[in-house]
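Participant: Supplied structure: start.cif, mmCIF, C-alpha atoms (C1' of nucleotides).
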```cif
data_query
#
loop_
_atom_site.label_atom_id
_atom_site.label_comp_id
_atom_site.auth_asym_id
_atom_site.auth_seq_id
_atom_site.Cartn_x
_atom_site.Cartn_y
_atom_site.Cartn_z
CA MET Q 92 29.27 6.14 23.35
CA ASN Q 93 30.28 7.96 20.21
CA VAL Q 94 29.65 7.08 16.60
CA PRO Q 95 32.87 5.18 15.76
CA GLU Q 96 32.49 3.09 18.89
CA GLN Q 97 28.89 2.27 18.14
CA LEU Q 98 29.74 1.41 14.56
CA ASN Q 99 32.46 -0.81 15.83
CA ARG Q 100 30.13 -2.59 18.17
CA ILE Q 101 27.61 -3.11 15.41
CA ASN Q 102 30.31 -4.27 13.05
CA GLN Q 103 31.26 -6.92 15.59
CA GLN Q 104 27.70 -8.08 15.91
CA LEU Q 105 27.44 -8.37 12.15
CA THR Q 106 30.72 -10.14 11.54
CA SER Q 107 30.11 -12.54 14.39
CA LYS Q 108 27.15 -13.75 12.38
CA ASN Q 109 29.01 -13.74 9.06
CA TYR Q 110 27.44 -10.55 7.77
CA LYS Q 111 29.56 -7.78 6.36
CA LEU Q 112 29.40 -4.12 7.24
CA THR Q 113 29.20 -2.93 3.65
CA ILE Q 114 29.26 0.72 2.79
CA GLN Q 115 25.48 0.64 2.34
CA ARG Q 116 24.95 -0.92 5.72
CA GLU Q 117 27.39 1.44 7.35
CA THR Q 118 25.68 4.45 5.82
CA THR Q 119 22.31 3.20 6.98
CA VAL Q 120 23.59 2.70 10.50
CA ARG Q 121 25.12 6.18 10.46
CA VAL Q 122 21.80 7.67 9.48
CA LEU Q 123 20.14 5.77 12.30
CA LEU Q 124 22.78 6.96 14.74
CA GLU Q 125 22.35 10.55 13.66
CA ASN Q 126 18.58 10.42 14.04
CA GLU Q 127 18.39 8.24 17.07
CA GLU Q 128 15.19 9.75 18.40
CA ASP Q 129 13.34 10.12 15.16
CA HIS Q 130 11.33 6.97 14.57
CA MET Q 131 11.96 7.09 10.84
CA SER Q 132 10.08 5.05 8.32
CA ALA Q 133 12.04 2.95 5.86
CA GLU Q 134 11.38 5.58 3.22
CA GLU Q 135 12.74 8.33 5.43
CA VAL Q 136 15.84 6.31 6.21
CA PHE Q 137 16.23 5.68 2.50
CA MET Q 138 16.07 9.35 1.61
CA ARG Q 139 18.68 10.28 4.15
CA VAL Q 140 20.94 7.42 3.18
CA LYS Q 141 20.54 8.45 -0.42
CA ASN Q 142 21.92 11.88 0.41
CA LYS Q 143 25.16 10.35 1.57
CA HIS Q 144 25.30 7.53 -0.93
CA PRO Q 145 23.09 8.20 -3.95
CA GLU Q 146 23.58 4.83 -5.64
CA ILE Q 147 21.76 2.90 -2.94
CA GLY Q 148 18.48 1.18 -3.70
CA LEU Q 149 15.38 1.21 -1.57
CA ALA Q 150 15.38 -2.57 -1.36
CA THR Q 151 18.81 -2.53 0.20
CA VAL Q 152 17.62 -0.22 2.93
CA TYR Q 153 14.67 -2.51 3.59
CA ARG Q 154 16.97 -5.50 3.66
CA THR Q 155 19.39 -3.74 5.99
CA LEU Q 156 16.67 -2.65 8.37
CA GLU Q 157 15.29 -6.16 8.43
CA LEU Q 158 18.71 -7.58 9.16
CA LEU Q 159 19.36 -5.07 11.92
CA THR Q 160 15.99 -5.83 13.40
CA GLU Q 161 16.75 -9.53 13.49
CA LEU Q 162 20.00 -8.81 15.26
CA HIS Q 163 18.12 -6.64 17.77
CA ILE Q 164 20.23 -3.65 16.76
CA VAL Q 165 17.19 -1.68 15.74
CA GLU Q 166 13.66 -1.83 16.98
CA LYS Q 167 10.85 -2.01 14.46
CA MET Q 168 7.70 -0.27 15.56
CA ASN Q 169 4.14 0.20 14.43
CA PHE Q 170 2.04 3.14 15.38
CA GLY Q 171 -0.96 2.00 13.43
CA ASP Q 172 -0.40 4.31 10.49
CA GLY Q 173 0.57 1.53 8.12
CA VAL Q 174 4.26 2.37 8.11
CA ALA Q 175 6.91 0.54 10.04
CA ARG Q 176 9.28 2.77 11.94
CA PHE Q 177 12.79 2.04 13.06
CA ASP Q 178 14.94 3.07 15.98
CA LEU Q 179 18.39 2.15 17.09
CA ARG Q 180 18.44 0.42 20.43
CA GLY Q 181 21.09 2.05 22.55
CA GLU Q 182 22.69 -0.80 24.47
CA ASP Q 183 22.06 0.91 27.79
CA HIS Q 184 18.29 1.07 27.51
CA GLU Q 185 17.73 -1.71 25.04
CA HIS Q 186 14.31 -2.34 26.26
CA MET Q 187 13.59 0.54 28.46
CA HIS Q 188 11.60 3.25 26.88
CA HIS Q 189 7.95 3.88 26.40
CA HIS Q 190 6.00 6.10 24.07
CA LEU Q 191 3.54 8.92 24.50
CA ILE Q 192 1.54 9.67 21.38
CA CYS Q 193 -0.50 12.85 21.26
CA THR Q 194 -3.73 12.50 19.32
CA VAL Q 195 -4.02 16.22 18.77
CA CYS Q 196 -0.75 16.87 17.01
CA GLY Q 197 0.46 13.34 16.30
CA GLU Q 198 3.75 14.06 17.96
CA MET Q 199 5.46 11.29 19.84
CA GLU Q 200 7.67 11.47 22.88
CA GLU Q 201 9.87 8.83 24.41
CA ILE Q 202 10.02 8.19 28.09
CA LYS Q 203 13.36 6.79 28.96
CA GLU Q 204 12.41 4.87 32.01
CA ASP Q 205 11.49 1.29 32.54
CA TRP Q 206 8.31 1.00 34.50
CA LEU Q 207 7.68 -2.60 33.73
CA LEU Q 208 10.28 -4.58 35.58
CA GLU Q 209 7.94 -5.45 38.37
CA MET Q 210 5.30 -6.60 35.91
CA GLU Q 211 7.76 -8.74 34.08
CA MET Q 212 8.68 -10.49 37.28
CA ARG Q 213 5.03 -11.05 37.93
CA LEU Q 214 4.52 -12.51 34.47
CA GLU Q 215 7.35 -14.88 35.08
CA ARG Q 216 5.92 -15.94 38.42
CA GLU Q 217 2.22 -16.03 37.73
CA TYR Q 218 2.04 -16.82 34.04
CA GLY Q 219 5.22 -18.78 33.46
CA PHE Q 220 6.07 -16.32 30.73
CA SER Q 221 9.57 -15.03 30.39
CA VAL Q 222 9.72 -11.62 28.77
CA LYS Q 223 12.28 -10.84 26.10
CA ASP Q 224 10.89 -7.49 25.10
CA HIS Q 225 7.95 -5.24 25.58
CA ARG Q 226 6.21 -2.32 24.05
CA LEU Q 227 4.23 0.25 25.92
CA GLU Q 228 2.42 3.09 24.24
CA PHE Q 229 0.05 5.62 25.66
CA THR Q 230 -2.21 7.63 23.42
CA GLY Q 231 -3.83 10.76 24.72
CA THR Q 232 -3.18 14.46 24.79
CA TYR Q 233 -0.83 16.86 26.43
CA LYS Q 234 -2.78 19.21 28.59
CA THR Q 235 -1.17 22.11 26.86
CA CYS Q 236 -0.35 20.36 23.60
CA GLU Q 237 2.68 22.57 23.35
CA LYS Q 238 4.96 20.71 25.64
CA ASN Q 239 8.48 20.10 24.30
CA GLY Q 240 8.27 17.60 21.47
CA CYS Q 241 4.69 18.36 20.65
CA LYS Q 242 4.71 21.24 18.22
CA ARG Q 243 2.95 20.30 14.97
CA GLU Q 244 -0.56 21.31 14.00
CA CYS Q 245 -1.47 22.31 17.49
CA GLU Q 246 -4.21 24.54 16.24
CA ALA Q 247 -6.42 21.47 15.99
CA VAL Q 248 -9.38 21.18 18.34
CA THR Q 249 -8.45 19.95 21.77
CA MET Z 248 -24.09 -8.83 28.14
CA ASN Z 249 -25.59 -10.88 25.35
CA VAL Z 250 -25.51 -10.36 21.62
CA PRO Z 251 -28.81 -8.51 21.10
CA GLU Z 252 -27.97 -6.12 23.91
CA GLN Z 253 -24.52 -5.42 22.57
CA LEU Z 254 -25.90 -4.90 19.09
CA ASN Z 255 -28.40 -2.52 20.52
CA ARG Z 256 -25.77 -0.56 22.32
CA ILE Z 257 -23.67 -0.34 19.17
CA ASN Z 258 -26.68 0.63 17.14
CA GLN Z 259 -27.25 3.52 19.49
CA GLN Z 260 -23.67 4.65 19.19
CA LEU Z 261 -23.98 4.57 15.42
CA THR Z 262 -27.33 6.32 15.13
CA SER Z 263 -26.29 8.98 17.59
CA LYS Z 264 -23.66 9.93 15.04
CA ASN Z 265 -26.02 9.63 12.05
CA TYR Z 266 -24.67 6.30 10.91
CA LYS Z 267 -26.95 3.41 10.15
CA LEU Z 268 -26.64 -0.15 11.34
CA THR Z 269 -26.97 -1.66 7.88
CA ILE Z 270 -27.15 -5.39 7.38
CA GLN Z 271 -23.48 -5.38 6.35
CA ARG Z 272 -22.46 -3.53 9.45
CA GLU Z 273 -24.63 -5.69 11.65
CA THR Z 274 -23.18 -8.84 10.17
CA THR Z 275 -19.67 -7.54 10.69
CA VAL Z 276 -20.41 -6.69 14.30
CA ARG Z 277 -21.93 -10.12 14.83
CA VAL Z 278 -18.79 -11.75 13.52
CA LEU Z 279 -16.72 -9.61 15.85
CA LEU Z 280 -18.98 -10.54 18.77
CA GLU Z 281 -18.70 -14.22 17.98
CA ASN Z 282 -14.93 -14.10 17.80
CA GLU Z 283 -14.27 -11.64 20.54
CA GLU Z 284 -10.91 -13.05 21.51
CA ASP Z 285 -9.56 -13.76 18.09
CA HIS Z 286 -7.66 -10.70 16.88
CA MET Z 287 -8.86 -11.18 13.34
CA SER Z 288 -7.36 -9.43 10.37
CA ALA Z 289 -9.66 -7.53 8.04
CA GLU Z 290 -9.41 -10.41 5.59
CA GLU Z 291 -10.45 -12.92 8.24
CA VAL Z 292 -13.39 -10.80 9.27
CA PHE Z 293 -14.33 -10.50 5.61
CA MET Z 294 -14.32 -14.24 5.06
CA ARG Z 295 -16.52 -14.89 8.06
CA VAL Z 296 -18.88 -12.10 7.16
CA LYS Z 297 -19.03 -13.46 3.64
CA ASN Z 298 -20.28 -16.78 4.98
CA LYS Z 299 -23.31 -15.11 6.47
CA HIS Z 300 -23.81 -12.54 3.78
CA PRO Z 301 -22.07 -13.50 0.53
CA GLU Z 302 -22.80 -10.30 -1.38
CA ILE Z 303 -20.60 -8.15 0.82
CA GLY Z 304 -17.45 -6.57 -0.59
CA LEU Z 305 -14.08 -6.43 1.06
CA ALA Z 306 -14.03 -2.65 0.91
CA THR Z 307 -17.19 -2.49 2.97
CA VAL Z 308 -15.61 -4.56 5.68
CA TYR Z 309 -12.61 -2.27 5.68
CA ARG Z 310 -14.88 0.75 5.83
CA THR Z 311 -16.93 -0.76 8.64
CA LEU Z 312 -13.88 -1.66 10.67
CA GLU Z 313 -12.49 1.81 10.20
CA LEU Z 314 -15.77 3.35 11.30
CA LEU Z 315 -16.01 1.13 14.34
CA THR Z 316 -12.45 1.98 15.23
CA GLU Z 317 -13.20 5.68 15.08
CA LEU Z 318 -16.17 5.19 17.37
CA HIS Z 319 -13.92 3.23 19.76
CA ILE Z 320 -16.14 0.20 19.36
CA VAL Z 321 -13.30 -1.92 18.10
CA GLU Z 322 -9.61 -1.70 18.76
CA LYS Z 323 -7.21 -1.79 15.85
CA MET Z 324 -3.94 -3.49 16.61
CA ASN Z 325 -0.61 -4.13 15.01
CA PHE Z 326 1.63 -6.99 15.92
CA GLY Z 327 4.27 -6.10 13.42
CA ASP Z 328 3.31 -8.69 10.84
CA GLY Z 329 2.00 -6.13 8.38
CA VAL Z 330 -1.67 -6.89 9.02
CA ALA Z 331 -3.98 -4.83 11.15
CA ARG Z 332 -6.03 -6.83 13.60
CA PHE Z 333 -9.34 -5.94 15.16
CA ASP Z 334 -11.01 -6.65 18.47
CA LEU Z 335 -14.28 -5.57 19.97
CA ARG Z 336 -13.83 -3.53 23.11
CA GLY Z 337 -16.17 -4.88 25.72
CA GLU Z 338 -17.42 -1.85 27.61
CA ASP Z 339 -16.29 -3.26 30.90
CA HIS Z 340 -12.62 -3.49 30.03
CA GLU Z 341 -12.48 -0.95 27.25
CA HIS Z 342 -8.92 -0.25 27.83
CA MET Z 343 -7.85 -2.89 30.19
CA HIS Z 344 -6.11 -5.78 28.65
CA HIS Z 345 -2.56 -6.49 27.70
CA HIS Z 346 -0.96 -8.98 25.38
CA LEU Z 347 1.55 -11.75 25.76
CA ILE Z 348 3.07 -12.86 22.49
CA CYS Z 349 5.07 -16.07 22.42
CA THR Z 350 7.98 -15.97 20.00
CA VAL Z 351 8.20 -19.74 19.81
CA CYS Z 352 4.71 -20.54 18.66
CA GLY Z 353 3.39 -17.10 17.73
CA GLU Z 354 0.39 -17.58 19.96
CA MET Z 355 -1.04 -14.58 21.74
CA GLU Z 356 -2.76 -14.41 25.07
CA GLU Z 357 -4.74 -11.60 26.59
CA ILE Z 358 -4.34 -10.55 30.15
CA LYS Z 359 -7.54 -9.07 31.35
CA GLU Z 360 -6.17 -6.85 34.04
CA ASP Z 361 -5.22 -3.25 34.03
CA TRP Z 362 -1.79 -2.78 35.45
CA LEU Z 363 -1.27 0.71 34.22
CA LEU Z 364 -3.58 2.92 36.21
CA GLU Z 365 -0.87 4.06 38.52
CA MET Z 366 1.37 4.92 35.60
CA GLU Z 367 -1.34 6.88 33.92
CA MET Z 368 -1.81 8.96 37.00
CA ARG Z 369 1.89 9.57 37.06
CA LEU Z 370 1.89 10.65 33.42
CA GLU Z 371 -0.85 13.08 34.18
CA ARG Z 372 1.03 14.49 37.12
CA GLU Z 373 4.59 14.49 35.90
CA TYR Z 374 4.20 14.87 32.16
CA GLY Z 375 0.95 16.79 31.85
CA PHE Z 376 -0.24 14.04 29.53
CA SER Z 377 -3.74 12.74 29.86
CA VAL Z 378 -4.09 9.16 28.67
CA LYS Z 379 -7.01 8.11 26.50
CA ASP Z 380 -5.76 4.67 25.66
CA HIS Z 381 -2.75 2.47 25.95
CA ARG Z 382 -1.20 -0.60 24.49
CA LEU Z 383 1.03 -2.98 26.32
CA GLU Z 384 2.60 -5.99 24.71
CA PHE Z 385 5.16 -8.38 26.03
CA THR Z 386 7.06 -10.67 23.72
CA GLY Z 387 8.89 -13.64 25.09
CA THR Z 388 8.27 -17.31 25.68
CA TYR Z 389 6.21 -19.49 27.90
CA LYS Z 390 8.47 -21.61 29.99
CA THR Z 391 6.63 -24.66 28.84
CA CYS Z 392 5.34 -23.28 25.57
CA GLU Z 393 2.34 -25.50 25.97
CA LYS Z 394 0.41 -23.40 28.38
CA ASN Z 395 -3.27 -22.89 27.56
CA GLY Z 396 -3.48 -20.69 24.49
CA CYS Z 397 -0.08 -21.61 23.23
CA LYS Z 398 -0.42 -24.71 21.15
CA ARG Z 399 0.78 -24.17 17.60
CA GLU Z 400 4.11 -25.30 16.18
CA CYS Z 401 5.56 -25.90 19.58
CA GLU Z 402 8.10 -28.27 18.19
CA ALA Z 403 10.20 -25.24 17.25
CA VAL Z 404 13.47 -24.72 19.04
CA THR Z 405 13.09 -23.14 22.46
"C1'" DC C 250 -35.17 13.94 -3.60
"C1'" DT C 251 -31.17 13.61 -0.74
"C1'" DT C 252 -27.84 11.62 1.88
"C1'" DG C 253 -25.38 7.86 3.46
"C1'" DT C 254 -23.99 3.19 1.95
"C1'" DT C 255 -22.56 -0.40 -1.02
"C1'" DG C 256 -19.94 -3.41 -4.54
"C1'" DC C 257 -16.77 -3.49 -7.86
"C1'" DA C 258 -12.64 -2.37 -10.04
"C1'" DA C 259 -8.83 0.39 -10.26
"C1'" DA C 260 -5.37 2.94 -7.66
"C1'" DT C 261 -2.16 3.54 -4.05
"C1'" DT C 262 1.23 2.36 -0.60
"C1'" DA C 263 4.44 -0.39 1.73
"C1'" DT C 264 7.23 -4.06 1.33
"C1'" DT C 265 9.36 -8.21 -0.86
"C1'" DT C 266 11.47 -10.90 -4.42
"C1'" DG C 267 13.94 -12.48 -8.81
"C1'" DC C 268 17.77 -11.97 -11.15
"C1'" DA C 269 21.87 -10.41 -13.40
"C1'" DT C 270 25.86 -8.07 -11.96
"C1'" DG C 271 29.50 -6.71 -8.77
"C1'" DC C 272 32.64 -7.25 -4.99
"C1'" DC C 273 35.69 -9.43 -1.70
"C1'" DC C 274 38.22 -12.92 0.61
"C1'" DG N 64 35.80 -18.36 -8.35
"C1'" DG N 65 32.19 -18.91 -4.86
"C1'" DG N 66 29.06 -16.85 -2.13
"C1'" DC N 67 27.19 -12.91 0.00
"C1'" DA N 68 25.39 -8.15 -1.39
"C1'" DT N 69 23.49 -4.92 -4.37
"C1'" DG N 70 20.39 -2.28 -7.68
"C1'" DC N 71 16.79 -2.42 -10.48
"C1'" DA N 72 12.39 -3.70 -11.94
"C1'" DA N 73 8.62 -6.44 -11.34
"C1'" DA N 74 5.61 -8.82 -8.01
"C1'" DT N 75 2.85 -9.08 -3.93
"C1'" DA N 76 -0.04 -7.70 -0.09
"C1'" DA N 77 -2.82 -4.68 2.39
"C1'" DT N 78 -5.62 -1.03 2.22
"C1'" DT N 79 -8.02 2.96 0.03
"C1'" DT N 80 -10.61 5.39 -3.35
"C1'" DG N 81 -13.72 6.64 -7.42
"C1'" DC N 82 -17.88 5.95 -9.03
"C1'" DA N 83 -22.29 4.50 -10.45
"C1'" DA N 84 -26.10 2.18 -8.44
"C1'" DC N 85 -29.06 1.44 -4.16
"C1'" DA N 86 -31.91 2.08 -0.15
"C1'" DA N 87 -34.38 4.47 3.20
"C1'" DG N 88 -36.21 8.28 5.41
#
```
For the structure just supplied, provide its representation as structure tokens.

Facilitator:
Amino acid sequence: MNVPEQLNRINQQLTSKNYKLTIQRETTVRVLLENEEDHMSAEEVFMRVKNKHPEIGLATVYRTLELLTELHIVEKMNFGDGVARFDLRGEDHEHMHHHLICTVCGEMEEIKEDWLLEMEMRLEREYGFSVKDHRLEFTGTYKTCEKNGCKRECEAVT
Amino acid sequence: MNVPEQLNRINQQLTSKNYKLTIQRETTVRVLLENEEDHMSAEEVFMRVKNKHPEIGLATVYRTLELLTELHIVEKMNFGDGVARFDLRGEDHEHMHHHLICTVCGEMEEIKEDWLLEMEMRLEREYGFSVKDHRLEFTGTYKTCEKNGCKRECEAVT
DNA sequence: CTTGTTGCAAATTATTTGCATGCCC
DNA sequence: GGGCATGCAAATAATTTGCAACAAG
């Protein structure tokens, strides 16, 4: 699905709830689309949006990200570093990716598989809990700590 | 394992790293032991510690919790509400519990099982990633929203 | 003594809010 | 022209840090 189509889809979601796709919101969404795998903080999103649309205010970006989170268009995450991070949810794997976080280099990789379906069925059955979303993170180290995404500061002690 | 034994174990972990089990640290650990299932914020821990030892400062509690986190004695968690929460890790299930978070009442339940061992082996094999820790959270709703732990504000819309 | 630890206050960081102004049906 | 949206600045909330004073080996 390309950018105009995605924007269109998001626009529909917004308008169906009486929100407008203003230029600020559109620019923010574009930045998110262009950095889909980046887990940006609000500040990072702000800086990139500011490149394209310098008049925007930080508060607007926060408000937009909050709105998009409510609409389940983006996912708000916490890796324990005191900053919230945001990712678009592609509609195909809305709820189907997990995270590997390397403690040596701090790099983070996404695993685009859903390993939890069976568990969710079990929760439904055994706990009477019906799952809307989940989050699964593994912290540890890459054996080589040089594998694909994991390139920063790898001189640290293993 | 009772309180004195646990304290003793923690004391050993501290002294082995040249840290002292000061009265402030001991009091903090006691509070954590007494509220093992509570996922307290730093502020909550502080208030309870202050009851037992009114001279303590908030910064000390923060410093203690940070220290204990580094030593893997407590687990620092984030539920996305902007507050870090802390739990003792019992040595038996150091890394073996998952969370159910009910979006209706906000209540949180722990599942004391480890469902991820198989996945971790797979990560090791297929991704060359060796897992030190993990976090698994499910958000959703209890069918009844009245099940055991889930008692607050249940008049909200389901 | 020396080193780690504490309490307080001030600083920092992330995020939210109030409000006057602007924009669009 | 009425209500949602925005930008700015100020407010809030959580956490961290600087520093002088303590405490214990």

Participant: Name all residues at most 10 Å from DT78 (chain N) (count only C-alpha atoms (C1' of nucleotides); drop same-chain ones fewer than 2 positions away) and give them as a ChimeraX atom specification.

Facilitator: /Q:173 /Z:289,306,309,330-331 /C:261-262 /N:76,80

Participant: Report as an MDAnalysis selection string all protein, DNA and RNA residues lying within 9 Å of DT69 (chain N), evaluated on only C-alpha atoms (C1' of nucleotides), omitting residues in the same chain fewer than 5 positions from it.

Facilitator: (chainID Q and resid 115 147:148 150:151) or (chainID C and resid 270:271)

Participant: Evaluate the PyMOL selection byres ((chain N and resi 75) around 12) here and jot the selected residues down as a PyMOL selection string.

Facilitator: (chain C and resi 263-266) or (chain N and resi 73-74+76-77)

Participant: Select, as a VMD selection string, those residues of chain Q with any atom no more than 6 Å from chain Z (distances computed using all atoms listed in the file).

Facilitator: chain Q and resid 219 to 234

Participant: Let me see the file: selected residues, C-alpha atoms, as a PDB file, in the coordinates of the input.

Facilitator:
```
ATOM      1  CA  GLY Q 219       5.220 -18.780  33.460  1.00  0.00           C
ATOM      2  CA  PHE Q 220       6.070 -16.320  30.730  1.00  0.00           C
ATOM      3  CA  SER Q 221       9.570 -15.030  30.390  1.00  0.00           C
ATOM      4  CA  VAL Q 222       9.720 -11.620  28.770  1.00  0.00           C
ATOM      5  CA  LYS Q 223      12.280 -10.840  26.100  1.00  0.00           C
ATOM      6  CA  ASP Q 224      10.890  -7.490  25.100  1.00  0.00           C
ATOM      7  CA  HIS Q 225       7.950  -5.240  25.580  1.00  0.00           C
ATOM      8  CA  ARG Q 226       6.210  -2.320  24.050  1.00  0.00           C
ATOM      9  CA  LEU Q 227       4.230   0.250  25.920  1.00  0.00           C
ATOM     10  CA  GLU Q 228       2.420   3.090  24.240  1.00  0.00           C
ATOM     11  CA  PHE Q 229       0.050   5.620  25.660  1.00  0.00           C
ATOM     12  CA  THR Q 230      -2.210   7.630  23.420  1.00  0.00           C
ATOM     13  CA  GLY Q 231      -3.830  10.760  24.720  1.00  0.00           C
ATOM     14  CA  THR Q 232      -3.180  14.460  24.790  1.00  0.00           C
ATOM     15  CA  TYR Q 233      -0.830  16.860  26.430  1.00  0.00           C
ATOM     16  CA  LYS Q 234      -2.780  19.210  28.590  1.00  0.00           C
TER      17      LYS Q 234
END
```

Participant: Take the PyMOL selection byres ((chain C and resi 253) around 9), run it mentally on this structure, and tell me the resulting residues as a PyMOL selection string.

Facilitator: (chain Z and resi 265-267) or (chain C and resi 252+254)

Participant: Would you kindly translate the PyMOL selection byres ((chain Q and resi 131) around 12) into the concrete residues it picks from this file, as a PyMOL selection string?

Facilitator: chain Q and resi 119+122-130+132-140+156+165-170+174-179+199

Participant: Any chance you could export the current selection's C-alpha atoms as a PDB file, in the coordinates of the input?

Facilitator:
```pdb
ATOM      1  CA  THR Q 119      22.310   3.200   6.980  1.00  0.00           C
ATOM      2  CA  VAL Q 122      21.800   7.670   9.480  1.00  0.00           C
ATOM      3  CA  LEU Q 123      20.140   5.770  12.300  1.00  0.00           C
ATOM      4  CA  LEU Q 124      22.780   6.960  14.740  1.00  0.00           C
ATOM      5  CA  GLU Q 125      22.350  10.550  13.660  1.00  0.00           C
ATOM      6  CA  ASN Q 126      18.580  10.420  14.040  1.00  0.00           C
ATOM      7  CA  GLU Q 127      18.390   8.240  17.070  1.00  0.00           C
ATOM      8  CA  GLU Q 128      15.190   9.750  18.400  1.00  0.00           C
ATOM      9  CA  ASP Q 129      13.340  10.120  15.160  1.00  0.00           C
ATOM     10  CA  HIS Q 130      11.330   6.970  14.570  1.00  0.00           C
ATOM     11  CA  SER Q 132      10.080   5.050   8.320  1.00  0.00           C
ATOM     12  CA  ALA Q 133      12.040   2.950   5.860  1.00  0.00           C
ATOM     13  CA  GLU Q 134      11.380   5.580   3.220  1.00  0.00           C
ATOM     14  CA  GLU Q 135      12.740   8.330   5.430  1.00  0.00           C
ATOM     15  CA  VAL Q 136      15.840   6.310   6.210  1.00  0.00           C
ATOM     16  CA  PHE Q 137      16.230   5.680   2.500  1.00  0.00           C
ATOM     17  CA  MET Q 138      16.070   9.350   1.610  1.00  0.00           C
ATOM     18  CA  ARG Q 139      18.680  10.280   4.150  1.00  0.00           C
ATOM     19  CA  VAL Q 140      20.940   7.420   3.180  1.00  0.00           C
ATOM     20  CA  LEU Q 156      16.670  -2.650   8.370  1.00  0.00           C
ATOM     21  CA  VAL Q 165      17.190  -1.680  15.740  1.00  0.00           C
ATOM     22  CA  GLU Q 166      13.660  -1.830  16.980  1.00  0.00           C
ATOM     23  CA  LYS Q 167      10.850  -2.010  14.460  1.00  0.00           C
ATOM     24  CA  MET Q 168       7.700  -0.270  15.560  1.00  0.00           C
ATOM     25  CA  ASN Q 169       4.140   0.200  14.430  1.00  0.00           C
ATOM     26  CA  PHE Q 170       2.040   3.140  15.380  1.00  0.00           C
ATOM     27  CA  VAL Q 174       4.260   2.370   8.110  1.00  0.00           C
ATOM     28  CA  ALA Q 175       6.910   0.540  10.040  1.00  0.00           C
ATOM     29  CA  ARG Q 176       9.280   2.770  11.940  1.00  0.00           C
ATOM     30  CA  PHE Q 177      12.790   2.040  13.060  1.00  0.00           C
ATOM     31  CA  ASP Q 178      14.940   3.070  15.980  1.00  0.00           C
ATOM     32  CA  LEU Q 179      18.390   2.150  17.090  1.00  0.00           C
ATOM     33  CA  MET Q 199       5.460  11.290  19.840  1.00  0.00           C
TER      34      MET Q 199
END
```

Participant: Which residues are near DA83 (chain N)? Cut-off 12 Å, only C-alpha atoms (C1' of nucleotides), ignore same chain within fewer than 4 positions. Put them as a ChimeraX atom specification.

Facilitator: /C:255-258

Participant: What does the distance between CA of Lys264 (chain Z) and C1' of DC82 (chain N) come to in Å, to one decimal place?

Facilitator: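 A separation of 25.1 Å between them.
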
Participant: Record the distance separating CA of His144 (chain Q) and CA of Thr118 (chain Q), expressed in Å with one decimal.

Facilitator: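 Separation of CA of His144 (chain Q) and CA of Thr118 (chain Q): 7.4 Å.
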
Participant: Do you have the CA of Thr269 (chain Z)-C1' of DA86 (chain N) distance handy?

Facilitator: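 Rounded to one decimal, the two atoms are 10.1 Å apart.
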
Participant: Just give me the residues with any atom within 8 Å of (-9.4, 5.7, -13.1), file coordinates, counting all atoms listed in the file, written as a list in words.

Facilitator: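 Final list of nearby residues, as requested, is DA259 and DA260 of chain C; DG81 of chain N.
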
Participant: Under the rule of at most 12 Å, produce a per-residue listing of chain N near chain Q: chain, number, name, the closest pair of atoms, and the distance in Å, as JSON lines, using all atoms listed in the file.

Facilitator:
```
{"residue": "N:DG66", "atom": "C1'", "partner": "Q:Asn109", "partner_atom": "CA", "distance": 11.6}
{"residue": "N:DC67", "atom": "C1'", "partner": "Q:Tyr110", "partner_atom": "CA", "distance": 8.1}
{"residue": "N:DA68", "atom": "C1'", "partner": "Q:Thr113", "partner_atom": "CA", "distance": 8.2}
{"residue": "N:DT69", "atom": "C1'", "partner": "Q:Thr151", "partner_atom": "CA", "distance": 7.0}
{"residue": "N:DG70", "atom": "C1'", "partner": "Q:Gly148", "partner_atom": "CA", "distance": 5.6}
{"residue": "N:DC71", "atom": "C1'", "partner": "Q:Gly148", "partner_atom": "CA", "distance": 7.9}
{"residue": "N:DA72", "atom": "C1'", "partner": "Q:Ala150", "partner_atom": "CA", "distance": 11.1}
{"residue": "N:DA77", "atom": "C1'", "partner": "Q:Gly173", "partner_atom": "CA", "distance": 9.1}
{"residue": "N:DT78", "atom": "C1'", "partner": "Q:Gly173", "partner_atom": "CA", "distance": 8.9}
{"residue": "N:DT79", "atom": "C1'", "partner": "Q:Gly173", "partner_atom": "CA", "distance": 11.9}
```

Participant: Using only C-alpha atoms (C1' of nucleotides), determine which residues lie at most 12 Å from DG65 (chain N), disregarding the query and same-chain residues fewer than 2 positions distant; provide the list as a PyMOL selection string.

Facilitator: (chain C and resi 272-274) or (chain N and resi 67)

Participant: Identify which of the residues Z:Leu268, Z:Glu373, Z:Asn298, Z:Leu318 lies closest to chain C, counting all atoms listed in the file when measuring atom-to-atom distances.

Facilitator: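 Comparing Z:Leu268, Z:Glu373, Z:Asn298, Z:Leu318 against chain C, the winner is Z:Leu268.
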
Participant: Can you tell me, as a PyMOL selection string, which residues sit within 7 Å of (-34.7, 9.6, 0.8) in the file's frame, using all atoms listed in the file?

Facilitator: (chain C and resi 250-251) or (chain N and resi 87-88)

Participant: Which residues, written as a short mmCIF file (atom, residue, chain, number, x, y, z; two decimals) with C-alpha atoms, keeping the file's coordinate frame, have at least one atom at most 10 Å from Ile101 (chain Q), with only C-alpha atoms (C1' of nucleotides) counted and residues fewer than 2 positions away on the same chain left out?

Facilitator:
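The result, stored in result.cif:
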```cif
data_model
loop_
_atom_site.label_atom_id
_atom_site.label_comp_id
_atom_site.auth_asym_id
_atom_site.auth_seq_id
_atom_site.Cartn_x
_atom_site.Cartn_y
_atom_site.Cartn_z
CA PRO Q 95 32.87 5.18 15.76
CA GLU Q 96 32.49 3.09 18.89
CA GLN Q 97 28.89 2.27 18.14
CA LEU Q 98 29.74 1.41 14.56
CA ASN Q 99 32.46 -0.81 15.83
CA GLN Q 103 31.26 -6.92 15.59
CA GLN Q 104 27.70 -8.08 15.91
CA LEU Q 105 27.44 -8.37 12.15
CA THR Q 106 30.72 -10.14 11.54
CA SER Q 107 30.11 -12.54 14.39
CA LEU Q 112 29.40 -4.12 7.24
CA GLU Q 117 27.39 1.44 7.35
CA VAL Q 120 23.59 2.70 10.50
CA LEU Q 159 19.36 -5.07 11.92
CA LEU Q 162 20.00 -8.81 15.26
CA ILE Q 164 20.23 -3.65 16.76
#
```
